Amino acid sequence: MSAALELRDIGVRFGAFDAVDGVSLTVNAGEVVGLIGPNGAGKTVTFNVVTGLQPATRGRVLLGGTDVTRAPAHARTAMGLARTFQVVQLFAGMTVLENLMVAAHRHTHAGVLVDALRLPGRRRALATAEERGRAVLSFLELPHLADVEVTTLPVGQARLVELARALCLTPSVLLLDEPASGLDPAETADFVALLAHVRATLGCAMLLVEHDMGVVMPLCDHVVVMDFGTVLASGPPLEVREDAKVRAAYLGEEVA
Amino acid sequence: MKLTFSLALGGIPIGAMYALQALGIVIVYKTSKVFNFASGAIGLACAYFGSTLHAHGIPSLPAVLLTIVLGVAIGVLMELTVRPVKGALTGTIVTLGWLLVLTGGVGWVYGTQVATNEPVRLLSDKQAFDVGGVLVYSYQQLGLLVIAGALAAGLALFFRLSGLGTATRAVSEAPDAARLLGIQVDRVNLVAWGLGGAVSGLAGVLVAPLLGGLNTTALIILTVQALAAALVGRLSSLPMTFAGGVVLGMLQPVVHRALASFSGLKGTDELTAFIVVLVALLFMRRSGRKDVVSGGLVPVPIRALPTGRLAALSFAGVALGALLLPILLGDRGNLSRYNLTQVAVWGTATLSLVLLVGVVGQVSVCQAVFMGCGAYGTGIALAHGLPFLLAGIAGALLAAAVAALVGLPAIRLEPLELAIATLSLSFTADRFLYSWPPLASDDGKREVVRPGFAGVDPGHVAAGNRAYAWLALGVFIVACFAVASLRRGRTGAALTALRSSEPATAAMGFSVVSVKLRGFAASGFLAGLAGALYAGLVQGASGAPFDFTRSITLLAYAVIIGVGSVPGAFFGGLVLTLTTVDFGATSDVANGQVVSLTTLFTGALLIGVLTLSPDGVAGAVGRLRLRRGPATSPAEVFA
Ligand SMILES: Nc1ncnc2c1ncn2[C@@H]1O[C@H](COP(=O)(O)OP(=O)(O)OP(=O)(O)O)[C@@H](O)[C@H]1O
Ligand SMILES: [Mg+2]
């Protein structure tokens, strides 16, 4: 069986600077992998390469065994990839439900003509998308937010909505870029429980970038540590945590 | 070979004039990041002014110097109107308002026909020298070349030595920080605009004799050449800009000769400039786009467009207008039916902009070109024997295809750059497209006969028939519903999302390219429909109704009324119709003056509205009524 997501020797170069330099990692179906490392290590750039927003200078990306290195971002989404962003990228000027519906439209088909002339497919597409959006909202126990305009949401809820929007895509691989940053300790604890719930119910594989070890340790089956664009160490969370190199480069200040 | 060489050398003096015009644009852009689209129009005003002074007995040199004063004055006035406006794109649209004001003003004072006035000449056009038939210059050409070269060198030196260059860079990069450092931002801007106005004005005065007299359109269309040169100079380097103008001047006669074998091809000069503009824009893109994802760049919040009840409202508006119009516009007979059809035509055209600016979030200064494609396309389809209705749709499809083609570079361009490209296309269409043999016939016209009107003298088509008026209204109403439905459907969701965050939209499974192109095509289709209806109304397709002024006017009223509003399209149609009414002017001259006054008024209104209420009249009304939120303002769309 092929892995849900596999990176082989990914490199990204900006000018003379290697933001990512030879990163390989594997996320198996249903597995949660943590991607950690100090600021500027290249984690977000790696995410952008996986989702197709940033072309890799070298290396290959495989999604469920299929090489998608050259595939555009939207094609990868269609293959079951979903992500959240480090800087929340909700669609301003839309309500929470409308945001979710944009994602849910991955499951609908209605072209310009169908939309403009209100041909039969239009109502079905909108109904399907709305149904999907509402279902995800109630799954995450957020139905009360449906009609709230997203720019008015506090950070904690905005991050939840971004997660909800990603889930509307019915992903098989979910990438989360610092989903708990900006949350207070209580919200973080809830978030960890929620992710565990998502994982148990939906069973999608996850790649999780997070600085908060309180999130990484309980959730991840496997942790990959990056520094200066390269993989410093990888292994089960407890082992990585004890790794001397990692402690020196990264956890040093944080765990001590 | 020798001929090519000689042709190229012969193009240098006029190229130097393009360069001068371009320098005016670059000087302003360097400081304010605003594109002065009115550069050619300043030149127009100054050229006429100089000619008048000369006619009143003032010698050439003082006359030319006085026109520079006028150029400075216009530049300063422009700065004062651009200053309160936020964002470079909105500021640039203010300069479009000035283009209209200056064109209209000159037309009003002097008449729009090619003037009999002789331009003021500094030098005689007697032959200065002849080097083996390869290099033949008149004193005039030689003199202009020297003047332009000296001016460019002087300006470059001035920018380097005076400290204005540094201050300019500080002001354009970080106005707030510059302010804190004690740089008087407003004064630096004022100086740059004054200087830019002077250079643009002088360029117009000097080039007029080379264009064979005072020709309004020719002087304004010069803007496309100036844009090309300015872009070659990457909008910052004065020497490169100068070189760009000169090279363009050398290129044009060569291209013209190469294409001369295709008989009937006109406007190759503008075509050359347009291609240079496109290539320069696409190459100028910074390698590697700003990464919204990793940087801490917060996406600009764009407010929801007001939706719901809009279609119903617009229906009510149309019904009301249908009742009011005959009263507003004279008798209940043919004239009102003709005007009613016009309201539907221009309303549909405005709607195409509501879709493009308000929903897709892009600015087009070439909407009338899409209309023209629709009109000519209809004529072509009719000639192939299609019935009128199908021919109209075929015309609209042609317009949609052209719009998608225009949208293609838009995928890589910022809205301001797209404005440059589309304005250049408008100028080029006037000179090239509307006389391009496959599209138009020899005289730039094409027959369009609507059902039941075969053999009716085009002079009497104002006697519109009832069925046609209803057809046009029907198309407009369906278009209103279609835009409202589109906006609230799947594609609308993707388009709105796209304006907020392209990476996130792509991550939701939408192809950014295809969504944008569909938006452009849909907008082009609507504009094409409007063009087809117009062609049927006046029994023929021609370029004149779809010239660059019309494109700018369309955008102007879409902005004035508020780009986010579907019912606004009806009022857009109403106002645009009023701008075409000749108010019973009896002679061509009087009619020309009415048109000029209307243009002047439109420009002034655009400047006023953008300065006072950036989201247009609809926004102002919305704020008064304290609705759920203001309509999308151009300032936000363009941010
Ligand atoms: N488009 C770009 N052009 C040039 N450099 C870039 C670009 N995007 C990212 N970088 C650089 O690449 C490096 C890695 O950035 P990245 O955002 O991946 O870090 P990160 O590991 O996500 O850090 P953080 O924990 O702060 O989010 C940084 O030094 C960043 O400045
Ligand atoms: Mg990051």
# chains A, B, ... in the order shown; residues from 1 in each chain; ligands from 1
>>> select_by_dssp(residues="range 9-185 of chain A", states="strand (DSSP E)", output="ChimeraX atom specification")
/A:9-14,17-27,32-36,58-63,66-67,81-83,173-177
>>> write_last_selection(atoms="N, CA, C and O atoms", output="short mmCIF file (atom, residue, chain, number, x, y, z; two decimals), in the first residue's frame")
data_model
loop_
_atom_site.label_atom_id
_atom_site.label_comp_id
_atom_site.auth_asym_id
_atom_site.auth_seq_id
_atom_site.Cartn_x
_atom_site.Cartn_y
_atom_site.Cartn_z
N ASP A 9 13.04 14.17 -1.26
CA ASP A 9 14.17 15.06 -1.53
C ASP A 9 13.73 16.42 -2.07
O ASP A 9 14.23 16.90 -3.08
N ILE A 10 12.77 17.06 -1.37
CA ILE A 10 12.26 18.35 -1.83
C ILE A 10 13.26 19.46 -1.57
O ILE A 10 13.87 19.51 -0.49
N GLY A 11 13.46 20.30 -2.56
CA GLY A 11 14.30 21.47 -2.39
C GLY A 11 13.62 22.70 -2.96
O GLY A 11 12.99 22.63 -4.01
N VAL A 12 13.70 23.83 -2.25
CA VAL A 12 13.20 25.10 -2.76
C VAL A 12 14.27 26.16 -2.56
O VAL A 12 14.79 26.32 -1.45
N ARG A 13 14.59 26.82 -3.62
CA ARG A 13 15.66 27.81 -3.57
C ARG A 13 15.10 29.18 -3.94
O ARG A 13 14.41 29.32 -4.94
N PHE A 14 15.33 30.16 -3.08
CA PHE A 14 14.97 31.55 -3.41
C PHE A 14 16.26 32.30 -3.66
O PHE A 14 16.99 32.60 -2.72
N PHE A 17 19.36 31.29 -1.70
CA PHE A 17 19.04 30.82 -0.36
C PHE A 17 18.16 29.57 -0.44
O PHE A 17 17.10 29.57 -1.09
N ASP A 18 18.63 28.49 0.20
CA ASP A 18 17.84 27.27 0.20
C ASP A 18 16.87 27.29 1.36
O ASP A 18 17.25 27.07 2.51
N ALA A 19 15.59 27.59 1.06
CA ALA A 19 14.59 27.62 2.13
C ALA A 19 14.27 26.18 2.56
O ALA A 19 14.03 25.91 3.73
N VAL A 20 14.25 25.28 1.57
CA VAL A 20 14.06 23.86 1.86
C VAL A 20 15.16 23.13 1.09
O VAL A 20 15.39 23.42 -0.08
N ASP A 21 15.84 22.20 1.76
CA ASP A 21 17.00 21.59 1.13
C ASP A 21 17.03 20.09 1.40
O ASP A 21 17.60 19.63 2.38
N GLY A 22 16.36 19.34 0.55
CA GLY A 22 16.41 17.89 0.66
C GLY A 22 15.53 17.31 1.75
O GLY A 22 15.98 16.53 2.57
N VAL A 23 14.27 17.69 1.75
CA VAL A 23 13.35 17.16 2.76
C VAL A 23 12.61 15.94 2.20
O VAL A 23 12.03 16.01 1.12
N SER A 24 12.67 14.84 2.92
CA SER A 24 11.88 13.66 2.56
C SER A 24 11.06 13.28 3.78
O SER A 24 11.56 13.32 4.90
N LEU A 25 9.82 12.96 3.56
CA LEU A 25 9.01 12.45 4.68
C LEU A 25 7.82 11.70 4.14
O LEU A 25 7.45 11.85 2.97
N THR A 26 7.24 10.87 4.98
CA THR A 26 6.11 10.05 4.57
C THR A 26 5.00 10.17 5.60
O THR A 26 5.25 10.18 6.81
N VAL A 27 3.77 10.32 5.11
CA VAL A 27 2.61 10.29 5.99
C VAL A 27 1.73 9.13 5.52
O VAL A 27 1.26 9.15 4.38
N VAL A 32 -0.95 10.68 11.95
CA VAL A 32 -0.73 12.10 12.20
C VAL A 32 0.77 12.32 12.38
O VAL A 32 1.38 11.73 13.26
N VAL A 33 1.34 13.16 11.50
CA VAL A 33 2.77 13.43 11.58
C VAL A 33 2.97 14.88 11.96
O VAL A 33 2.32 15.78 11.40
N GLY A 34 3.83 15.11 12.92
CA GLY A 34 4.14 16.48 13.33
C GLY A 34 5.35 16.98 12.58
O GLY A 34 6.32 16.24 12.38
N LEU A 35 5.30 18.23 12.11
CA LEU A 35 6.45 18.83 11.45
C LEU A 35 6.84 20.03 12.30
O LEU A 35 6.09 21.01 12.38
N ILE A 36 7.97 19.92 13.01
CA ILE A 36 8.34 21.00 13.91
C ILE A 36 9.71 21.54 13.56
O ILE A 36 10.45 20.95 12.77
N ARG A 58 13.54 21.15 -6.68
CA ARG A 58 13.85 19.75 -7.00
C ARG A 58 13.00 18.86 -6.12
O ARG A 58 12.34 19.30 -5.18
N GLY A 59 13.01 17.57 -6.44
CA GLY A 59 12.29 16.61 -5.62
C GLY A 59 10.91 16.30 -6.15
O GLY A 59 10.47 16.88 -7.16
N ARG A 60 10.24 15.35 -5.48
CA ARG A 60 8.93 14.92 -5.96
C ARG A 60 7.92 14.86 -4.82
O ARG A 60 8.27 14.62 -3.66
N VAL A 61 6.67 15.10 -5.18
CA VAL A 61 5.57 15.00 -4.22
C VAL A 61 4.64 13.90 -4.70
O VAL A 61 4.22 13.91 -5.86
N LEU A 62 4.33 12.93 -3.84
CA LEU A 62 3.42 11.86 -4.22
C LEU A 62 2.20 11.87 -3.31
O LEU A 62 2.32 11.95 -2.09
N LEU A 63 1.06 11.82 -3.94
CA LEU A 63 -0.20 11.84 -3.19
C LEU A 63 -0.89 10.51 -3.46
O LEU A 63 -1.28 10.24 -4.59
N THR A 66 0.50 8.71 -6.37
CA THR A 66 0.54 9.38 -7.67
C THR A 66 1.48 10.57 -7.61
O THR A 66 1.42 11.36 -6.67
N ASP A 67 2.31 10.69 -8.61
CA ASP A 67 3.22 11.83 -8.64
C ASP A 67 2.45 13.10 -9.01
O ASP A 67 1.87 13.20 -10.09
N LEU A 81 -6.44 16.54 -1.10
CA LEU A 81 -5.52 17.29 -0.24
C LEU A 81 -6.26 18.53 0.28
O LEU A 81 -6.99 19.18 -0.45
N ALA A 82 -6.06 18.87 1.56
CA ALA A 82 -6.65 20.08 2.10
C ALA A 82 -5.69 20.70 3.09
O ALA A 82 -4.83 20.01 3.63
N ARG A 83 -5.81 22.02 3.29
CA ARG A 83 -4.87 22.66 4.22
C ARG A 83 -5.52 23.85 4.92
O ARG A 83 -6.54 24.37 4.49
N VAL A 173 -5.84 13.72 3.01
CA VAL A 173 -4.65 14.24 3.69
C VAL A 173 -4.93 15.69 4.08
O VAL A 173 -5.31 16.49 3.24
N LEU A 174 -4.74 15.99 5.36
CA LEU A 174 -5.04 17.33 5.85
C LEU A 174 -3.76 17.96 6.38
O LEU A 174 -3.08 17.38 7.23
N LEU A 175 -3.41 19.15 5.87
CA LEU A 175 -2.23 19.86 6.34
C LEU A 175 -2.65 21.02 7.22
O LEU A 175 -3.44 21.85 6.80
N LEU A 176 -2.12 21.08 8.44
CA LEU A 176 -2.50 22.15 9.35
C LEU A 176 -1.25 22.96 9.71
O LEU A 176 -0.29 22.42 10.26
N ASP A 177 -1.26 24.26 9.37
CA ASP A 177 -0.09 25.10 9.63
C ASP A 177 -0.33 25.93 10.89
O ASP A 177 -1.06 26.91 10.86
#
>>> residues_near_ligand(ligand="ligand 2", cutoff="9 Å", atoms="only C-alpha atoms and all ligand atoms", output="short mmCIF file (atom, residue, chain, number, x, y, z; two decimals) with all heavy atoms, in the first residue's frame")
data_model
loop_
_atom_site.label_atom_id
_atom_site.label_comp_id
_atom_site.auth_asym_id
_atom_site.auth_seq_id
_atom_site.Cartn_x
_atom_site.Cartn_y
_atom_site.Cartn_z
N ASN A 39 11.59 28.96 13.97
CA ASN A 39 11.08 29.91 12.98
C ASN A 39 12.02 29.97 11.79
O ASN A 39 13.24 29.99 11.95
CB ASN A 39 10.98 31.31 13.58
CG ASN A 39 9.89 31.40 14.64
OD1 ASN A 39 10.16 31.62 15.79
ND2 ASN A 39 8.67 31.17 14.23
N GLY A 40 11.44 29.99 10.61
CA GLY A 40 12.25 30.09 9.40
C GLY A 40 12.88 28.78 8.97
O GLY A 40 13.73 28.76 8.08
N ALA A 41 12.46 27.67 9.57
CA ALA A 41 13.07 26.38 9.24
C ALA A 41 12.67 25.91 7.85
O ALA A 41 13.34 25.09 7.23
CB ALA A 41 12.67 25.34 10.28
N GLY A 42 11.54 26.42 7.34
CA GLY A 42 11.09 26.01 6.02
C GLY A 42 9.83 25.16 6.06
O GLY A 42 9.47 24.52 5.05
N LYS A 43 9.14 25.16 7.16
CA LYS A 43 7.94 24.32 7.30
C LYS A 43 6.81 24.80 6.38
O LYS A 43 6.21 24.02 5.64
CB LYS A 43 7.46 24.33 8.76
CG LYS A 43 8.55 23.97 9.76
CD LYS A 43 8.05 24.04 11.19
CE LYS A 43 7.64 25.41 11.68
NZ LYS A 43 8.75 26.35 11.89
N THR A 44 6.56 26.11 6.43
CA THR A 44 5.47 26.64 5.61
C THR A 44 5.79 26.50 4.12
O THR A 44 4.92 26.16 3.31
CB THR A 44 5.19 28.10 5.97
OG1 THR A 44 4.79 28.15 7.34
CG2 THR A 44 4.10 28.69 5.10
N VAL A 45 7.05 26.74 3.79
CA VAL A 45 7.44 26.57 2.38
C VAL A 45 7.20 25.13 1.95
O VAL A 45 6.70 24.86 0.85
CB VAL A 45 8.90 27.01 2.16
CG1 VAL A 45 9.36 26.67 0.75
CG2 VAL A 45 9.07 28.49 2.42
N PHE A 47 4.95 23.13 3.12
CA PHE A 47 3.49 23.02 2.94
C PHE A 47 3.07 23.56 1.58
O PHE A 47 2.25 22.96 0.88
CB PHE A 47 2.77 23.82 4.04
CG PHE A 47 2.34 22.98 5.21
CD1 PHE A 47 3.08 21.89 5.61
CD2 PHE A 47 1.15 23.28 5.89
CE1 PHE A 47 2.67 21.12 6.68
CE2 PHE A 47 0.74 22.52 6.96
CZ PHE A 47 1.50 21.43 7.36
N PHE A 85 -4.06 27.67 6.79
CA PHE A 85 -2.93 28.58 6.60
C PHE A 85 -2.44 29.15 7.92
O PHE A 85 -3.22 29.34 8.86
CB PHE A 85 -3.34 29.72 5.67
CG PHE A 85 -3.63 29.28 4.26
CD1 PHE A 85 -4.90 28.81 3.92
CD2 PHE A 85 -2.65 29.31 3.29
CE1 PHE A 85 -5.17 28.39 2.63
CE2 PHE A 85 -2.92 28.89 2.00
CZ PHE A 85 -4.19 28.42 1.67
N GLN A 86 -1.14 29.43 7.95
CA GLN A 86 -0.55 30.00 9.17
C GLN A 86 -1.17 31.37 9.48
O GLN A 86 -1.54 31.64 10.61
CB GLN A 86 0.96 30.13 8.99
CG GLN A 86 1.67 30.62 10.23
CD GLN A 86 3.18 30.57 10.06
OE1 GLN A 86 3.70 29.98 9.11
NE2 GLN A 86 3.89 31.18 10.98
N VAL A 87 -1.26 32.20 8.43
CA VAL A 87 -2.02 33.44 8.56
C VAL A 87 -3.41 33.11 8.02
O VAL A 87 -3.56 32.79 6.86
CB VAL A 87 -1.40 34.57 7.71
CG1 VAL A 87 -2.22 35.83 7.85
CG2 VAL A 87 0.03 34.79 8.12
N ASP A 177 -1.26 24.26 9.37
CA ASP A 177 -0.09 25.10 9.63
C ASP A 177 -0.33 25.93 10.89
O ASP A 177 -1.06 26.91 10.86
CB ASP A 177 0.19 26.00 8.42
CG ASP A 177 1.61 26.56 8.43
OD1 ASP A 177 2.28 26.44 9.48
OD2 ASP A 177 2.05 27.11 7.40
N GLU A 178 0.28 25.52 11.97
CA GLU A 178 0.15 26.18 13.27
C GLU A 178 -1.30 26.49 13.63
O GLU A 178 -1.66 27.64 13.88
CB GLU A 178 1.01 27.46 13.29
CG GLU A 178 2.46 27.17 12.95
CD GLU A 178 3.41 28.29 13.38
OE1 GLU A 178 3.02 29.13 14.19
OE2 GLU A 178 4.56 28.28 12.90
N VAL A 209 1.99 21.27 11.49
CA VAL A 209 3.07 22.16 11.93
C VAL A 209 2.60 22.83 13.20
O VAL A 209 1.50 23.37 13.25
CB VAL A 209 3.37 23.23 10.86
CG1 VAL A 209 4.27 24.31 11.44
CG2 VAL A 209 4.03 22.61 9.65
N GLU A 210 3.42 22.75 14.26
CA GLU A 210 2.99 23.37 15.50
C GLU A 210 4.20 23.62 16.39
O GLU A 210 5.12 22.82 16.46
CB GLU A 210 1.97 22.44 16.20
CG GLU A 210 1.29 23.02 17.40
CD GLU A 210 0.71 24.42 17.16
OE1 GLU A 210 -0.23 24.54 16.36
OE2 GLU A 210 1.22 25.38 17.77
N VAL B 293 1.14 33.62 1.38
CA VAL B 293 0.93 32.54 2.33
C VAL B 293 1.94 32.58 3.46
O VAL B 293 1.59 32.48 4.62
CB VAL B 293 1.01 31.19 1.60
CG1 VAL B 293 0.69 30.07 2.57
CG2 VAL B 293 0.06 31.18 0.44
N SER B 294 3.22 32.75 3.12
CA SER B 294 4.21 32.63 4.19
C SER B 294 4.44 33.97 4.88
O SER B 294 4.67 34.02 6.06
CB SER B 294 5.53 32.09 3.64
OG SER B 294 6.11 33.06 2.81
N GLY B 295 4.34 35.04 4.12
CA GLY B 295 4.54 36.34 4.72
C GLY B 295 3.40 36.68 5.65
O GLY B 295 2.35 36.05 5.63
#
>>> residues_around(residues="Phe35 in chain B", least_positions_apart="4", cutoff="9 Å", atoms="only C-alpha atoms", output="list in words")
Ile25, Val26, Val28, Tyr29, Ala88, Leu89, Gly91, Thr92, Ile93, Thr95, Leu416 and Ile420 of chain B
>>> write_last_selection(atoms="C-alpha atoms", output="PDB file, in the first residue's frame")
ATOM      1  CA  ILE B  25       4.309  59.899 -17.029  1.00  0.00           C
ATOM      2  CA  VAL B  26       7.394  58.441 -15.357  1.00  0.00           C
ATOM      3  CA  VAL B  28       4.654  61.442 -11.828  1.00  0.00           C
ATOM      4  CA  TYR B  29       4.687  57.678 -11.350  1.00  0.00           C
ATOM      5  CA  ALA B  88      -2.711  54.136  -6.858  1.00  0.00           C
ATOM      6  CA  LEU B  89      -5.402  52.536  -8.995  1.00  0.00           C
ATOM      7  CA  GLY B  91      -5.765  57.764  -8.341  1.00  0.00           C
ATOM      8  CA  THR B  92      -5.144  56.529 -11.858  1.00  0.00           C
ATOM      9  CA  ILE B  93      -8.873  56.456 -12.510  1.00  0.00           C
ATOM     10  CA  THR B  95      -6.514  60.829 -14.182  1.00  0.00           C
ATOM     11  CA  LEU B 416      -3.292  48.781 -12.311  1.00  0.00           C
ATOM     12  CA  ILE B 420      -2.761  50.133 -18.649  1.00  0.00           C
TER      13      ILE B 420
END
>>> residues_around(residues="Phe388 in chain B", least_positions_apart="3", cutoff="12 Å", atoms="only C-alpha atoms", output="VMD selection string")
chain B and resid 375 377 to 385 391 to 395 448 to 454 468 471 532 to 533 535 to 537 539
>>> atom_distance(atom1="CA of Ala205 in chain A", atom2="CA of Glu239 in chain A")
21.3 Å
>>> interface_residues(of="chain A", to="chain B", cutoff="8 Å", atoms="only C-alpha atoms", output="VMD selection string")
chain A and resid 44 to 45 48 51 53 73 to 78 82 to 83 85 to 87 89 to 94 98 to 99 102 to 103 105 to 106 110 to 112 115 to 118 122 125 to 126 151 166 169
>>> closest_residue(among="B:Val406, B:Ile220, B:Val255, B:Leu20", to="Val365 in chain B", atoms="only C-alpha atoms")
B:Val406
>>> atom_distance(atom1="CA of Val224 in chain A", atom2="CA of Gln157 in chain A")
27.9 Å
>>> select_by_dssp(residues="range 535-566 of chain B", states="helix (DSSP H, G or I)", output="list in words")
Ala535, Gly536, Leu537, Val538, Ala544, Pro545, Phe546, Phe548, Thr549, Arg550, Ser551, Ile552, Thr553, Leu554, Leu555, Ala556, Tyr557, Ala558, Val559, Ile560, Ile561 and Val566 of chain B
>>> residues_around(residues="Gly37 in chain A", least_positions_apart="6", cutoff="10 Å", atoms="only C-alpha atoms", output="ChimeraX atom specification")
/A:43,209-211,224-232,246,249-251
>>> atom_distance(atom1="CA of Val192 in chain A", atom2="CA of Leu208 in chain A")
11.7 Å
>>> closest_residue(among="B:Leu355, B:Val594, B:Leu281, B:Leu425", to="Ala569 in chain B", atoms="only C-alpha atoms")
B:Leu355
